[in-house]
$ cat work39.csv   # CSV, C-alpha atoms and all ligand atoms
chain,number,residue,atom,x,y,z
I,1,MET,CA,0.0,0.0,0.0
I,2,ILE,CA,1.4,3.4,-1.0
I,3,ARG,CA,0.5,6.4,1.3
I,4,ARG,CA,1.5,10.0,0.9
I,5,ALA,CA,3.6,11.1,3.8
I,6,THR,CA,3.4,14.8,3.0
I,7,GLY,CA,0.6,17.2,3.7
I,8,PRO,CA,-2.1,17.4,6.4
I,9,GLU,CA,-2.4,13.7,7.4
I,10,CYS,CA,1.3,13.0,7.4
I,11,GLU,CA,1.7,12.7,11.1
I,12,ALA,CA,-0.8,9.9,11.4
I,13,THR,CA,0.8,8.1,8.4
I,14,ILE,CA,4.3,8.3,10.0
I,15,ALA,CA,2.9,7.0,13.3
I,16,GLU,CA,1.3,4.1,11.5
I,17,ALA,CA,4.6,3.3,9.7
I,18,ALA,CA,6.5,3.5,12.9
I,19,ALA,CA,4.1,1.1,14.6
I,20,LEU,CA,4.6,-1.3,11.7
I,21,ILE,CA,8.4,-1.1,12.1
I,22,ARG,CA,8.1,-1.8,15.9
I,23,GLU,CA,5.9,-4.8,15.1
I,24,GLY,CA,8.7,-6.2,12.9
I,25,ARG,CA,7.1,-5.4,9.5
I,26,LEU,CA,8.6,-3.8,6.5
I,27,VAL,CA,8.2,-0.2,5.4
I,28,GLY,CA,9.4,1.5,2.2
I,29,PHE,CA,10.4,5.1,2.8
I,30,PRO,CA,12.1,7.9,0.9
I,31,THR,CA,15.5,9.3,1.7
I,32,GLU,CA,17.5,12.0,-0.1
I,33,THR,CA,19.5,9.3,-1.9
I,34,VAL,CA,17.1,6.5,-2.9
I,35,TYR,CA,14.1,4.7,-1.4
I,36,GLY,CA,14.9,2.4,1.5
I,37,LEU,CA,13.3,-0.9,2.5
I,38,GLY,CA,13.2,-0.4,6.3
I,39,ALA,CA,13.0,-2.8,9.2
I,40,ASP,CA,13.6,-2.8,12.9
I,41,ALA,CA,17.4,-3.1,13.0
I,42,THR,CA,17.2,-4.7,16.5
I,43,SER,CA,15.1,-7.6,15.3
I,44,ASP,CA,16.7,-10.7,13.6
I,45,THR,CA,13.4,-11.7,12.1
I,46,ALA,CA,12.5,-8.3,10.7
I,47,VAL,CA,16.0,-8.1,9.1
I,48,ALA,CA,15.6,-11.6,7.7
I,49,ALA,CA,12.4,-10.4,6.1
I,50,VAL,CA,14.4,-7.7,4.3
I,51,PHE,CA,16.8,-10.2,2.8
I,52,ASN,CA,13.8,-12.4,1.9
I,53,ALA,CA,12.0,-9.5,0.2
I,54,LYS,CA,15.0,-8.5,-1.8
I,55,GLN,CA,15.8,-12.1,-2.8
I,56,ARG,CA,19.5,-11.5,-2.2
I,57,PRO,CA,21.6,-14.5,-2.8
I,58,GLU,CA,23.9,-13.6,0.0
I,59,PHE,CA,23.8,-11.5,3.2
I,60,ASN,CA,25.2,-8.1,2.5
I,61,PRO,CA,25.5,-5.9,5.6
I,62,LEU,CA,22.8,-3.3,5.6
I,63,ILE,CA,23.1,0.4,6.3
I,64,ILE,CA,21.6,1.2,9.7
I,65,HIS,CA,19.7,4.5,9.7
I,66,ILE,CA,19.6,6.6,12.9
I,67,ALA,CA,18.0,9.9,13.7
I,68,ASN,CA,21.2,11.7,15.0
I,69,GLU,CA,24.8,11.4,16.1
I,70,ASP,CA,23.7,10.6,19.7
I,71,ALA,CA,21.8,7.5,18.5
I,72,ALA,CA,24.9,6.5,16.5
I,73,ARG,CA,27.1,6.8,19.6
I,74,ARG,CA,24.9,4.3,21.4
I,75,LEU,CA,25.6,1.7,18.8
I,76,VAL,CA,29.3,2.0,17.8
I,77,GLU,CA,32.6,3.2,19.1
I,78,PHE,CA,32.8,6.8,17.7
I,79,ASN,CA,36.3,8.0,16.9
I,80,ASP,CA,37.6,11.5,16.0
I,81,PRO,CA,37.2,11.4,12.3
I,82,ALA,CA,33.7,10.1,12.8
I,83,ALA,CA,32.8,13.0,15.0
I,84,ARG,CA,34.2,15.5,12.5
I,85,LEU,CA,32.4,13.9,9.5
I,86,ALA,CA,29.1,13.6,11.4
I,87,GLU,CA,29.4,17.3,12.2
I,88,VAL,CA,30.0,18.2,8.5
I,89,PHE,CA,27.9,15.7,6.6
I,90,TRP,CA,25.1,14.4,8.8
I,91,PRO,CA,22.3,14.4,8.0
I,92,GLY,CA,23.5,13.4,4.5
I,93,ALA,CA,24.7,10.9,2.0
I,94,LEU,CA,27.6,9.5,4.0
I,95,SER,CA,27.5,6.1,5.7
I,96,LEU,CA,30.2,5.6,8.3
I,97,ILE,CA,31.6,2.1,9.1
I,98,LEU,CA,32.6,1.9,12.8
I,99,THR,CA,33.1,-0.9,15.3
I,100,ARG,CA,30.0,-2.1,17.2
I,101,ARG,CA,29.9,-1.4,20.9
I,102,PRO,CA,29.7,-4.6,23.1
I,103,ASP,CA,26.2,-3.6,24.1
I,104,CYS,CA,25.0,-2.8,20.6
I,105,PRO,CA,21.4,-4.0,20.2
I,106,VAL,CA,21.5,-4.2,16.4
I,107,SER,CA,20.8,-7.6,15.0
I,108,LEU,CA,24.0,-9.5,14.0
I,109,LEU,CA,22.2,-10.5,10.7
I,110,ALA,CA,21.8,-6.8,9.9
I,111,GLY,CA,25.6,-6.5,9.9
I,112,ALA,CA,26.0,-9.8,8.2
I,113,GLY,CA,27.9,-11.1,11.2
I,114,LEU,CA,30.6,-8.4,11.1
I,115,ASP,CA,31.8,-6.6,14.2
I,116,THR,CA,31.3,-3.3,12.4
I,117,LEU,CA,28.2,-1.4,11.3
I,118,ALA,CA,27.5,1.1,8.6
I,119,LEU,CA,25.5,4.1,10.0
I,120,ARG,CA,23.9,7.0,8.4
I,121,VAL,CA,21.6,9.9,9.3
I,122,PRO,CA,19.4,10.5,6.2
I,123,ASP,CA,18.7,14.1,5.1
I,124,HIS,CA,15.0,13.7,4.5
I,125,GLU,CA,12.1,15.0,6.6
I,126,ILE,CA,10.0,11.8,6.2
I,127,ALA,CA,12.9,9.4,7.0
I,128,LEU,CA,13.9,11.4,10.1
I,129,ALA,CA,10.3,11.6,11.3
I,130,LEU,CA,10.0,7.8,10.9
I,131,LEU,CA,13.2,7.2,12.8
I,132,ILE,CA,12.1,9.5,15.7
I,133,ALA,CA,8.7,7.9,15.9
I,134,ALA,CA,10.0,4.3,15.7
I,135,GLU,CA,12.4,5.1,18.5
I,136,ARG,CA,15.0,2.6,17.2
I,137,PRO,CA,17.5,2.2,14.5
I,138,ILE,CA,16.1,1.2,11.1
I,139,ALA,CA,18.1,-1.2,8.8
I,140,ALA,CA,17.4,-0.2,5.2
I,141,PRO,CA,19.0,-1.3,2.0
I,142,SER,CA,17.7,0.2,-1.2
I,143,ALA,CA,14.1,-0.9,-1.8
I,144,ASN,CA,14.7,-3.0,-5.0
I,145,LEU,CA,15.1,-6.7,-5.8
I,146,SER,CA,18.7,-7.8,-5.6
I,147,GLY,CA,20.5,-7.0,-8.9
I,148,HIS,CA,18.0,-4.3,-9.9
I,149,ILE,CA,18.8,-0.7,-9.9
I,150,SER,CA,18.0,1.5,-6.9
I,151,PRO,CA,14.5,3.1,-6.8
I,152,THR,CA,14.3,6.9,-6.8
I,153,ARG,CA,10.5,7.1,-7.2
I,154,VAL,CA,7.8,5.5,-5.2
I,155,GLY,CA,6.5,3.7,-8.3
I,156,HIS,CA,9.8,1.9,-8.7
I,157,VAL,CA,9.5,0.5,-5.1
I,158,ALA,CA,5.9,-0.7,-5.8
I,159,GLU,CA,7.0,-2.3,-9.0
I,160,SER,CA,10.0,-4.1,-7.5
I,161,LEU,CA,8.7,-5.0,-4.1
I,162,GLY,CA,5.1,-4.1,-3.9
I,163,THR,CA,3.7,-7.3,-2.5
I,164,ALA,CA,6.5,-7.8,0.0
I,165,ILE,CA,6.1,-4.5,1.8
I,166,ASP,CA,3.4,-3.6,4.3
I,167,LEU,CA,3.5,0.1,3.6
I,168,ILE,CA,5.4,2.4,1.2
I,169,LEU,CA,5.6,6.1,2.2
I,170,ASP,CA,5.4,8.4,-0.8
I,171,GLY,CA,7.8,11.4,-0.5
I,172,GLY,CA,8.0,12.1,-4.2
I,173,PRO,CA,11.2,11.7,-6.2
I,174,CYS,CA,14.5,11.4,-4.3
I,175,ARG,CA,16.6,14.6,-4.4
I,176,LEU,CA,20.0,13.0,-5.0
I,177,GLY,CA,19.1,9.7,-6.7
I,178,VAL,CA,22.6,8.1,-6.0
I,179,GLU,CA,23.4,6.0,-3.0
I,180,SER,CA,25.4,7.2,0.0
I,181,THR,CA,29.2,7.1,0.1
I,182,VAL,CA,30.3,4.2,2.3
I,183,LEU,CA,33.4,5.2,4.3
I,184,ASP,CA,35.3,2.7,6.5
I,185,LEU,CA,36.7,4.4,9.5
I,186,THR,CA,37.9,1.2,11.3
I,187,GLY,CA,41.4,1.1,9.7
I,188,ASP,CA,44.5,3.3,9.7
I,189,VAL,CA,43.4,5.3,6.7
I,190,PRO,CA,39.7,6.2,6.0
I,191,THR,CA,38.7,4.1,3.0
I,192,ILE,CA,35.8,4.6,0.6
I,193,LEU,CA,34.2,1.2,0.0
I,194,ARG,CA,31.5,2.6,-2.3
I,195,PRO,CA,31.5,6.0,-4.0
I,196,GLY,CA,28.3,8.0,-3.6
I,197,GLY,CA,26.6,11.3,-2.8
I,198,VAL,CA,29.6,12.8,-0.9
I,199,THR,CA,32.8,13.0,-2.9
I,200,ARG,CA,36.4,12.0,-1.9
I,201,GLU,CA,37.4,15.7,-2.2
I,202,GLU,CA,34.7,16.8,0.2
I,203,LEU,CA,35.8,14.1,2.7
I,204,GLU,CA,39.4,15.1,2.4
I,205,ASP,CA,38.6,18.7,3.1
I,206,ALA,CA,37.1,17.6,6.4
I,207,ILE,CA,39.5,14.9,7.6
I,208,GLY,CA,42.6,14.8,5.3
I,209,PRO,CA,43.7,11.8,3.2
I,210,VAL,CA,41.1,9.2,2.2
I,211,ARG,CA,41.8,6.3,0.0
I,212,VAL,CA,39.4,4.4,-2.4
I,213,LEU,CA,39.1,0.7,-2.1
I,214,SER,CA,39.5,0.0,-5.8
I,215,GLU,CA,43.0,1.5,-5.7
I,216,MET,CA,44.0,-1.2,-3.2
I,217,ASN,CA,42.1,-4.2,-4.3
I,218,SER,CA,40.4,-4.6,-7.7
I,219,THR,CA,38.3,-7.6,-6.9
I,220,PRO,CA,34.7,-6.8,-7.7
I,221,SER,CA,33.3,-8.5,-4.6
I,222,SER,CA,31.2,-6.4,-2.3
I,223,PRO,CA,33.1,-4.9,0.6
I,224,GLY,CA,31.1,-6.7,3.2
I,225,MET,CA,32.0,-10.0,1.6
I,226,GLN,CA,35.8,-9.9,2.0
I,227,ALA,CA,38.1,-12.1,4.0
I,228,SER,CA,37.9,-9.8,7.0
I,229,HIS,CA,34.3,-11.0,7.4
I,230,TYR,CA,33.4,-12.8,10.6
I,231,ALA,CA,34.6,-16.3,10.6
I,232,PRO,CA,34.2,-18.6,13.6
I,233,GLY,CA,37.3,-19.6,15.7
I,234,LEU,CA,36.4,-23.3,15.4
I,235,SER,CA,36.6,-25.1,12.1
I,236,LEU,CA,33.2,-25.5,10.6
I,237,ARG,CA,32.2,-28.3,8.1
I,238,ILE,CA,29.1,-28.1,5.9
I,239,GLY,CA,26.8,-30.8,4.6
I,240,ALA,CA,27.2,-32.8,7.9
I,241,ARG,CA,25.4,-36.2,7.9
I,242,ASP,CA,26.9,-37.4,11.1
I,243,VAL,CA,28.4,-35.9,14.2
I,244,ARG,CA,32.1,-36.5,15.1
I,245,ASP,CA,33.6,-36.6,18.6
I,246,GLY,CA,33.1,-33.4,20.5
I,247,GLU,CA,31.4,-31.5,17.7
I,248,ALA,CA,28.7,-29.0,18.2
I,249,LEU,CA,25.8,-29.3,15.7
I,250,LEU,CA,24.2,-26.5,13.7
I,251,SER,CA,21.1,-28.3,12.6
I,252,PHE,CA,18.1,-27.4,10.4
I,253,GLY,CA,14.6,-29.0,10.4
I,254,ARG,CA,13.8,-32.4,11.9
I,255,HIS,CA,16.7,-34.9,11.9
I,256,ASP,CA,18.0,-38.0,13.5
I,257,LEU,CA,21.7,-37.0,14.1
I,258,THR,CA,22.8,-37.8,17.7
I,259,GLY,CA,25.9,-37.6,19.9
I,260,CYS,CA,26.7,-33.9,19.5
I,261,ALA,CA,28.3,-31.9,22.3
I,262,ALA,CA,25.8,-29.1,21.8
I,263,GLU,CA,23.1,-28.2,19.3
I,264,CYS,CA,21.4,-25.2,17.9
I,265,ASN,CA,18.6,-25.7,15.4
I,266,LEU,CA,18.3,-22.9,12.9
I,267,SER,CA,14.6,-23.8,12.4
I,268,PRO,CA,13.1,-27.0,13.8
I,269,THR,CA,10.2,-26.5,11.4
I,270,GLY,CA,12.4,-26.0,8.4
I,271,ASP,CA,11.5,-22.3,7.9
I,272,LEU,CA,14.3,-20.5,5.9
I,273,ALA,CA,13.4,-17.0,7.2
I,274,GLU,CA,13.6,-18.2,10.8
I,275,ALA,CA,16.9,-19.9,9.9
I,276,ALA,CA,18.3,-16.7,8.5
I,277,ALA,CA,17.3,-14.8,11.5
I,278,ASN,CA,19.1,-17.3,13.8
I,279,LEU,CA,22.2,-17.9,11.7
I,280,PHE,CA,24.8,-15.5,13.0
I,281,THR,CA,23.6,-15.7,16.6
I,282,MET,CA,23.7,-19.5,16.6
I,283,ILE,CA,27.2,-19.8,14.9
I,284,ARG,CA,28.5,-17.5,17.7
I,285,ALA,CA,26.8,-19.5,20.4
I,286,LEU,CA,28.4,-22.7,19.1
I,287,ASP,CA,31.8,-21.2,18.5
I,288,ARG,CA,33.3,-22.2,21.9
I,289,PRO,CA,36.7,-23.7,22.7
I,290,GLU,CA,35.1,-26.7,24.5
I,291,TYR,CA,33.9,-28.1,21.2
I,292,SER,CA,36.1,-29.8,18.7
I,293,GLY,CA,34.4,-28.1,15.7
I,294,ILE,CA,31.0,-27.2,14.3
I,295,ALA,CA,29.1,-29.6,12.0
I,296,ALA,CA,26.6,-27.7,10.0
I,297,MET,CA,23.7,-29.5,8.2
I,298,THR,CA,22.8,-28.6,4.7
I,299,VAL,CA,20.0,-26.1,4.2
I,300,PRO,CA,17.9,-26.3,1.0
I,301,ASP,CA,19.5,-24.2,-1.7
I,302,GLU,CA,16.5,-22.1,-2.5
I,303,GLY,CA,15.3,-18.6,-1.5
I,304,LEU,CA,17.0,-17.5,1.7
I,305,GLY,CA,18.7,-20.9,1.8
I,306,CYS,CA,21.1,-19.7,-0.9
I,307,ALA,CA,22.3,-16.9,1.3
I,308,ILE,CA,22.5,-19.1,4.3
I,309,ASN,CA,24.6,-21.7,2.4
I,310,ASP,CA,26.8,-18.9,1.0
I,311,ARG,CA,27.6,-17.7,4.5
I,312,LEU,CA,28.2,-21.3,5.8
I,313,LYS,CA,30.6,-22.0,2.9
I,314,ARG,CA,32.5,-18.8,3.7
I,315,ALA,CA,32.6,-19.8,7.4
I,316,ALA,CA,33.9,-23.2,6.3
I,317,ALA,CA,36.5,-22.0,3.9
I,318,PRO,CA,40.1,-22.8,4.9
I,319,ARG,CA,42.0,-19.8,6.3
N,401,LIG,P1,22.6,-1.1,0.1
N,401,LIG,O1,22.1,-2.3,0.9
N,401,LIG,O2,22.1,-1.2,-1.3
N,401,LIG,O3,22.1,0.2,0.8
N,401,LIG,O4,24.2,-1.1,0.1
N,401,LIG,C1,24.9,-1.1,1.4
N,401,LIG,C2,26.3,-1.0,1.1
N,401,LIG,O5,27.1,-0.8,2.3
N,401,LIG,C3,26.9,-2.3,0.5
N,401,LIG,O6,27.8,-2.1,-0.4
N,401,LIG,C4,27.5,-3.0,1.8
N,401,LIG,O7,28.5,-3.9,1.4
N,401,LIG,C5,28.0,-1.8,2.5
N,401,LIG,N1,28.2,-2.0,4.0
N,401,LIG,C6,27.2,-1.9,4.9
N,401,LIG,N2,27.7,-2.3,6.1
N,401,LIG,C7,29.0,-2.6,6.0
N,401,LIG,C8,30.0,-3.0,6.9
N,401,LIG,N3,29.8,-3.2,8.2
N,401,LIG,N4,31.2,-3.2,6.3
N,401,LIG,C9,31.5,-3.1,5.0
N,401,LIG,N5,30.5,-2.7,4.1
N,401,LIG,C10,29.3,-2.4,4.6
N,402,MG,MG,21.3,-1.5,-3.3
$ encode --input "work39.csv" --output "structure tokens"
Amino acid sequence: MIRRATGPECEATIAEAAALIREGRLVGFPTETVYGLGADATSDTAVAAVFNAKQRPEFNPLIIHIANEDAARRLVEFNDPAARLAEVFWPGALSLILTRRPDCPVSLLAGAGLDTLALRVPDHEIALALLIAAERPIAAPSANLSGHISPTRVGHVAESLGTAIDLILDGGPCRLGVESTVLDLTGDVPTILRPGGVTREELEDAIGPVRVLSEMNSTPSSPGMQASHYAPGLSLRIGARDVRDGEALLSFGRHDLTGCAAECNLSPTGDLAEAAANLFTMIRALDRPEYSGIAAMTVPDEGLGCAINDRLKRAAAPR
């Protein structure tokens, strides 16, 4: 359902959208860059619904939208360049990658299991009103099917994802129409992982030298997908049909495997969205030195199962 979020009834519409977010439902909303597909960033199941709706073949970390810098400071370790950049560019088209705080309530799935998060304060009245009314961070990738171009008009969102979203807020065409710049502030030198609305020159004017990922590494893989990605400390094997001595079992659906040292079932009923929501939390729960390894059962290679298997393969890769 598309609803205008400007004009006389906009407050009631925003309140309705915020209530949906708090219930774990999906809301399409405008920002100055592109339309976002928003979900409660603190809910694994709401975030799983985002990946499901986008039909992404793997879990990319999502940008977490917050209303202001104070909200960002509650989620991540803010450093000096972050403070300077927030002052100059927020609200605006700049997503900052920073390390999660130990008490960060954001879903591990939203960050694709990384110990970092990309955060942004959008420069758009409707997006900010929604964030304030929802009283929580909103995880929002662009509101399009995976592999399609980003939507800059409400009609694009409806065409691409109409049936998967509970409500789409109409704010007219997006002012910028390009995505935000994604800047990693966790290393020695600030690094642009994705060029976007804020230019390298503008960033350098504010904080000095900035490098661009493609200058260091020309592999086309998405930044979130590189080797630095979270991998368990224990070795993990996939396609397990038995359990070996001392192994912890990451299971899926009903099964008759016995003898594990511990077990987490991604979804006893075989529901892939539930399995996606549990994936990173359960890998972490089983990744303990008292077990000899993690045996992961196979998940059907369809829908969200493709993304789950992609992550399990990466976690199982030799390193
Ligand atoms: P989209 O979901 O279309 O808004 O794109 C989000 C972009 O931000 C993708 O290129 C992600 O790989 C990147 N991203 C988000 N969070 C992180 C993170 N923690 N580390 C690295 N890249 C990130
Ligand atoms: Mg996108």
$ residues_around --input "work39.csv" --residues "Asn265 of chain I" --least-positions-apart "2" --cutoff "8 Å" --atoms "only C-alpha atoms" --output "number ranges by chain"
I: 250-253, 263, 267-268
$ residues_near_ligand --input "work39.csv" --ligand "ligand MG 402 (chain N)" --cutoff "10 Å" --atoms "all atoms listed in the file" --output "list in words"
Val34, Tyr35, Gly36, Leu37, Lys54, Asn60, Leu62, Ile63, Ala140, Pro141, Ser142, Ala143, Asn144, Leu145, Ser146, Gly147, His148, Ile149, Ser150, Pro151 and Glu179 of chain I
$ residues_near_ligand --input "work39.csv" --ligand "ligand LIG 401 (chain N)" --cutoff "9 Å" --atoms "all atoms listed in the file" --output "VMD selection string"
chain I and resid 34 36 60 to 64 95 to 99 110 to 119 139 to 144 146 150 179 to 184 193 to 194 221 to 226 229
$ atom_distance --input "work39.csv" --atom1 "atom CA of Pro57 of chain I" --atom2 "atom CA of Asn309 of chain I"
9.4 Å
$ residues_around --input "work39.csv" --residues "Asn278 of chain I" --least-positions-apart "3" --cutoff "8 Å" --atoms "all atoms listed in the file" --output "list in words"
Asp44, Leu266, Glu274, Ala275, Thr281 and Met282 of chain I
$ residues_around --input "work39.csv" --residues "Glu58 of chain I" --least-positions-apart "3" --cutoff "8 Å" --atoms "only C-alpha atoms" --output "PDB file with C-alpha atoms, in the frame of the given file"
ATOM      1  CA  CYS I 306      21.100 -19.700  -0.900  1.00  0.00           C
ATOM      2  CA  ALA I 307      22.300 -16.900   1.300  1.00  0.00           C
ATOM      3  CA  ILE I 308      22.500 -19.100   4.300  1.00  0.00           C
ATOM      4  CA  ASP I 310      26.800 -18.900   1.000  1.00  0.00           C
ATOM      5  CA  ARG I 311      27.600 -17.700   4.500  1.00  0.00           C
TER       6      ARG I 311
END
$ residues_around --input "work39.csv" --residues "Gly24 of chain I" --least-positions-apart "6" --cutoff "7 Å" --atoms "all atoms listed in the file" --output "PDB file with C-alpha atoms, in the coordinates of the input"
ATOM      1  CA  ALA I  39      13.000  -2.800   9.200  1.00  0.00           C
ATOM      2  CA  ASP I  40      13.600  -2.800  12.900  1.00  0.00           C
ATOM      3  CA  SER I  43      15.100  -7.600  15.300  1.00  0.00           C
ATOM      4  CA  ALA I  46      12.500  -8.300  10.700  1.00  0.00           C
TER       5      ALA I  46
END
$ closest_residue --input "work39.csv" --among "I:Val154, I:Cys264, I:Ala67, I:Ala41" --to "Ile132 of chain I" --atoms "all atoms listed in the file"
I:Ala67
$ closest_residue --input "work39.csv" --among "I:Arg254, I:Arg22, I:His124, I:Arg288" --to "Cys174 of chain I" --atoms "all atoms listed in the file"
I:His124
$ closest_residue --input "work39.csv" --among "I:Val88, I:Ala93, I:Leu234, I:Ile2" --to "Gly196 of chain I" --atoms "all atoms listed in the file"
I:Ala93
$ closest_residue --input "work39.csv" --among "I:Ala53, I:Ala12, I:Ala295, I:Ile66" --to "Asp123 of chain I" --atoms "only C-alpha atoms"
I:Ile66
$ residues_around --input "work39.csv" --residues "Ala134 of chain I" --least-positions-apart "2" --cutoff "8 Å" --atoms "all atoms listed in the file" --output "PDB file with C-alpha atoms, in the coordinates of the input"
ATOM      1  CA  ALA I  15       2.900   7.000  13.300  1.00  0.00           C
ATOM      2  CA  ALA I  18       6.500   3.500  12.900  1.00  0.00           C
ATOM      3  CA  ALA I  19       4.100   1.100  14.600  1.00  0.00           C
ATOM      4  CA  ILE I  21       8.400  -1.100  12.100  1.00  0.00           C
ATOM      5  CA  ARG I  22       8.100  -1.800  15.900  1.00  0.00           C
ATOM      6  CA  LEU I 130      10.000   7.800  10.900  1.00  0.00           C
ATOM      7  CA  LEU I 131      13.200   7.200  12.800  1.00  0.00           C
ATOM      8  CA  ILE I 132      12.100   9.500  15.700  1.00  0.00           C
ATOM      9  CA  ARG I 136      15.000   2.600  17.200  1.00  0.00           C
ATOM     10  CA  PRO I 137      17.500   2.200  14.500  1.00  0.00           C
TER      11      PRO I 137
END
$ atom_distance --input "work39.csv" --atom1 "atom CA of Val27 of chain I" --atom2 "atom CA of Leu167 of chain I"
5.0 Å
$ decode --input "work39.csv" --residues "segment 191-213 of chain I" --atoms "N, CA and C atoms" --output "mmCIF file, in the first residue's frame"
data_model
loop_
_atom_site.group_PDB
_atom_site.id
_atom_site.type_symbol
_atom_site.label_atom_id
_atom_site.label_comp_id
_atom_site.auth_asym_id
_atom_site.auth_seq_id
_atom_site.Cartn_x
_atom_site.Cartn_y
_atom_site.Cartn_z
ATOM 1 N N THR I 191 38.721 4.754 4.322
ATOM 2 C CA THR I 191 38.679 4.116 3.006
ATOM 3 C C THR I 191 37.261 4.115 2.454
ATOM 4 N N ILE I 192 37.135 4.633 1.230
ATOM 5 C CA ILE I 192 35.827 4.622 0.569
ATOM 6 C C ILE I 192 35.575 3.232 0.004
ATOM 7 N N LEU I 193 34.537 2.568 0.483
ATOM 8 C CA LEU I 193 34.191 1.237 -0.023
ATOM 9 C C LEU I 193 33.201 1.342 -1.178
ATOM 10 N N ARG I 194 32.431 2.417 -1.166
ATOM 11 C CA ARG I 194 31.488 2.641 -2.261
ATOM 12 C C ARG I 194 31.387 4.127 -2.488
ATOM 13 N N PRO I 195 31.676 4.592 -3.711
ATOM 14 C CA PRO I 195 31.499 6.014 -3.979
ATOM 15 C C PRO I 195 30.015 6.357 -3.979
ATOM 16 N N GLY I 196 29.680 7.594 -3.635
ATOM 17 C CA GLY I 196 28.269 7.969 -3.577
ATOM 18 C C GLY I 196 28.115 9.468 -3.474
ATOM 19 N N GLY I 197 27.054 9.879 -2.797
ATOM 20 C CA GLY I 197 26.640 11.277 -2.765
ATOM 21 C C GLY I 197 27.670 12.272 -2.250
ATOM 22 N N VAL I 198 28.565 11.850 -1.363
ATOM 23 C CA VAL I 198 29.613 12.753 -0.855
ATOM 24 C C VAL I 198 30.933 12.365 -1.523
ATOM 25 N N THR I 199 31.644 13.335 -2.080
ATOM 26 C CA THR I 199 32.840 13.006 -2.864
ATOM 27 C C THR I 199 34.079 12.848 -1.984
ATOM 28 N N ARG I 200 35.086 12.196 -2.561
ATOM 29 C CA ARG I 200 36.362 12.027 -1.874
ATOM 30 C C ARG I 200 36.951 13.382 -1.497
ATOM 31 N N GLU I 201 36.873 14.349 -2.421
ATOM 32 C CA GLU I 201 37.438 15.673 -2.158
ATOM 33 C C GLU I 201 36.752 16.322 -0.954
ATOM 34 N N GLU I 202 35.443 16.205 -0.900
ATOM 35 C CA GLU I 202 34.714 16.781 0.239
ATOM 36 C C GLU I 202 35.149 16.120 1.555
ATOM 37 N N LEU I 203 35.335 14.799 1.500
ATOM 38 C CA LEU I 203 35.778 14.089 2.709
ATOM 39 C C LEU I 203 37.172 14.544 3.100
ATOM 40 N N GLU I 204 38.060 14.675 2.112
ATOM 41 C CA GLU I 204 39.447 15.053 2.410
ATOM 42 C C GLU I 204 39.535 16.469 2.960
ATOM 43 N N ASP I 205 38.668 17.346 2.492
ATOM 44 C CA ASP I 205 38.627 18.700 3.051
ATOM 45 C C ASP I 205 38.314 18.648 4.549
ATOM 46 N N ALA I 206 37.527 17.687 4.945
ATOM 47 C CA ALA I 206 37.127 17.608 6.355
ATOM 48 C C ALA I 206 38.130 16.857 7.223
ATOM 49 N N ILE I 207 38.712 15.756 6.716
ATOM 50 C CA ILE I 207 39.548 14.915 7.604
ATOM 51 C C ILE I 207 40.918 14.561 7.043
ATOM 52 N N GLY I 208 41.294 15.126 5.893
ATOM 53 C CA GLY I 208 42.602 14.750 5.335
ATOM 54 C C GLY I 208 42.503 13.497 4.478
ATOM 55 N N PRO I 209 43.674 12.868 4.190
ATOM 56 C CA PRO I 209 43.737 11.806 3.183
ATOM 57 C C PRO I 209 42.725 10.674 3.370
ATOM 58 N N VAL I 210 42.106 10.318 2.257
ATOM 59 C CA VAL I 210 41.128 9.234 2.199
ATOM 60 C C VAL I 210 41.511 8.380 1.008
ATOM 61 N N ARG I 211 41.483 7.071 1.139
ATOM 62 C CA ARG I 211 41.759 6.259 -0.046
ATOM 63 C C ARG I 211 40.496 5.572 -0.533
ATOM 64 N N VAL I 212 40.604 5.038 -1.745
ATOM 65 C CA VAL I 212 39.437 4.410 -2.372
ATOM 66 C C VAL I 212 39.746 2.932 -2.511
ATOM 67 N N LEU I 213 38.815 2.102 -2.139
ATOM 68 C CA LEU I 213 39.068 0.662 -2.100
ATOM 69 C C LEU I 213 39.620 0.128 -3.413
#
